[in-house]
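K.L.:
The structure is given below, and queries will be raised subsequently.
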Amino acid sequence: MVFARLLQKEGYEVATAENGFDALLKLKHLLPDVIISDLNMAQMSGFEFLQWFAGASPQISVVASSGAYGSRVVPTGVLADVFFAKGQDDPETLLDSVADLIQTSAARARTHQEESAPVWIPRNGKDSNGIPYIVITCTECLRSFPLNVTKEENSEVLETLCLFYANTVKYIIDFSLSVTSPRKALSPPIRTPELGPGSSRPRANP
């Protein structure tokens with residue numbers, strides 16, 4: 001809402017979304033010149049949101065924003081043109097960035113079409129041998145295959161060949177979203193009633 005008021009004061013027409021899912025729905029009906037997205041959102045993170053729409057709408061310029069980074073450099077693996085550090089950058093910086101992105105939108109659209117977004121995936125757990133693994137879905141054939149994780153390389157763009165198709169898949173392991181299988185619930189032990197002297201166990205009817 002702060003960004004919306006700031007941009008509206010400068011004469012921009014602004015539409016807002018409550019979260020990433022809401023934004024994807026609204027993008028079916030309107031195509032803005034610039035999208036400003038927080039990287040830390042509930043329900044769908046900014047990383048996931050930008051990955052979803054980047055391939056479908058390469059003509060839209062993107063400003064990624066977060067208070068978790070202290071640099072104006074776009075974080076690794078994020079397909080954004082500009083990064084705005086909340087709480088550190090001056091609001092005028094955001095206005096200047098939006099104006100520049102609109103003026104250079106045509107050239108940036110061509111660059112976006114040549115880029116490919118890495119897939120952000122959680123670590124899935126450990127296999128039967130205790131080795132951590134992830135499940136990768138090929139961006140071309142859409143088939144999934146497991147891949148062992150030998151070390152934590154958080155926020156590093158990695159590559160692997162698809163097992164089924166001649167395609168190199170770029171991915172980033174998000175260790176903050178590790179997925180583990182729930183433990184099996186143990187059934188409570190069956191207790192038999194204590195039998196007093198002279199008592200006999202009840203017999204089952206045939």
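Residues are referred to by chain and number: the chain letter is A, B, ... according to the order shown in the structure tokens, the number counts from 1 in that chain, and ligands are numbered separately from 1 in the order shown.
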Give me the residues near segment 18-23 of chain A as a PyMOL selection string, where near means some atom within 12 Å (using only C-alpha atoms) and where sequence neighbours in that chain fewer than 4 positions away do not count.
P.N.:
chain A and resi 1+27-32+35-53
K.L.:
Selection from above, C-alpha atoms, as an mmCIF file, in the first residue's frame, can you write it?
P.N.:
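Once written, again.cif looks like this:
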data_model
loop_
_atom_site.group_PDB
_atom_site.id
_atom_site.type_symbol
_atom_site.label_atom_id
_atom_site.label_comp_id
_atom_site.auth_asym_id
_atom_site.auth_seq_id
_atom_site.Cartn_x
_atom_site.Cartn_y
_atom_site.Cartn_z
ATOM 1 C CA MET A 1 0.000 0.000 0.000
ATOM 2 C CA LEU A 27 -2.582 -10.692 -14.725
ATOM 3 C CA LYS A 28 -5.095 -12.635 -16.835
ATOM 4 C CA HIS A 29 -7.065 -9.421 -17.305
ATOM 5 C CA LEU A 30 -4.414 -6.700 -17.340
ATOM 6 C CA LEU A 31 -0.803 -6.316 -18.414
ATOM 7 C CA PRO A 32 1.056 -3.609 -16.484
ATOM 8 C CA ILE A 35 5.431 -5.199 -11.530
ATOM 9 C CA ILE A 36 6.767 -4.568 -8.021
ATOM 10 C CA SER A 37 6.901 -7.789 -6.026
ATOM 11 C CA ASP A 38 8.008 -8.505 -2.482
ATOM 12 C CA LEU A 39 10.125 -11.646 -2.234
ATOM 13 C CA ASN A 40 8.699 -12.608 1.164
ATOM 14 C CA MET A 41 4.959 -13.171 0.853
ATOM 15 C CA ALA A 42 2.500 -15.544 2.467
ATOM 16 C CA GLN A 43 0.996 -18.463 0.473
ATOM 17 C CA MET A 44 3.307 -17.901 -2.496
ATOM 18 C CA SER A 45 6.778 -16.404 -2.167
ATOM 19 C CA GLY A 46 8.016 -13.736 -4.543
ATOM 20 C CA PHE A 47 10.527 -16.229 -5.925
ATOM 21 C CA GLU A 48 7.692 -18.570 -6.905
ATOM 22 C CA PHE A 49 5.505 -15.764 -8.242
ATOM 23 C CA LEU A 50 8.218 -14.355 -10.510
ATOM 24 C CA GLN A 51 9.022 -17.839 -11.769
ATOM 25 C CA TRP A 52 5.381 -18.434 -12.723
ATOM 26 C CA PHE A 53 4.813 -15.308 -14.784
#
K.L.:
For Thr160 of chain A, work out the shell of residues within 8 Å, counting only C-alpha atoms and skipping chain neighbours fewer than 6 positions away, then give it as a PyMOL selection string.
P.N.:
chain A and resi 168-170
K.L.:
Using only C-alpha atoms, which residues sit within 8 Å of Lys86 of chain A once same-chain residues fewer than 2 positions away are excluded, as number ranges by chain?
P.N.:
A: 65-67, 84, 88-89
K.L.:
Report, in Å with one decimal, the straight-line distance from atom CA of Asp100 of chain A to atom CA of Val63 of chain A.
P.N.:
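Atom-to-atom, atom CA of Asp100 of chain A and atom CA of Val63 of chain A are spaced 11.3 Å apart.
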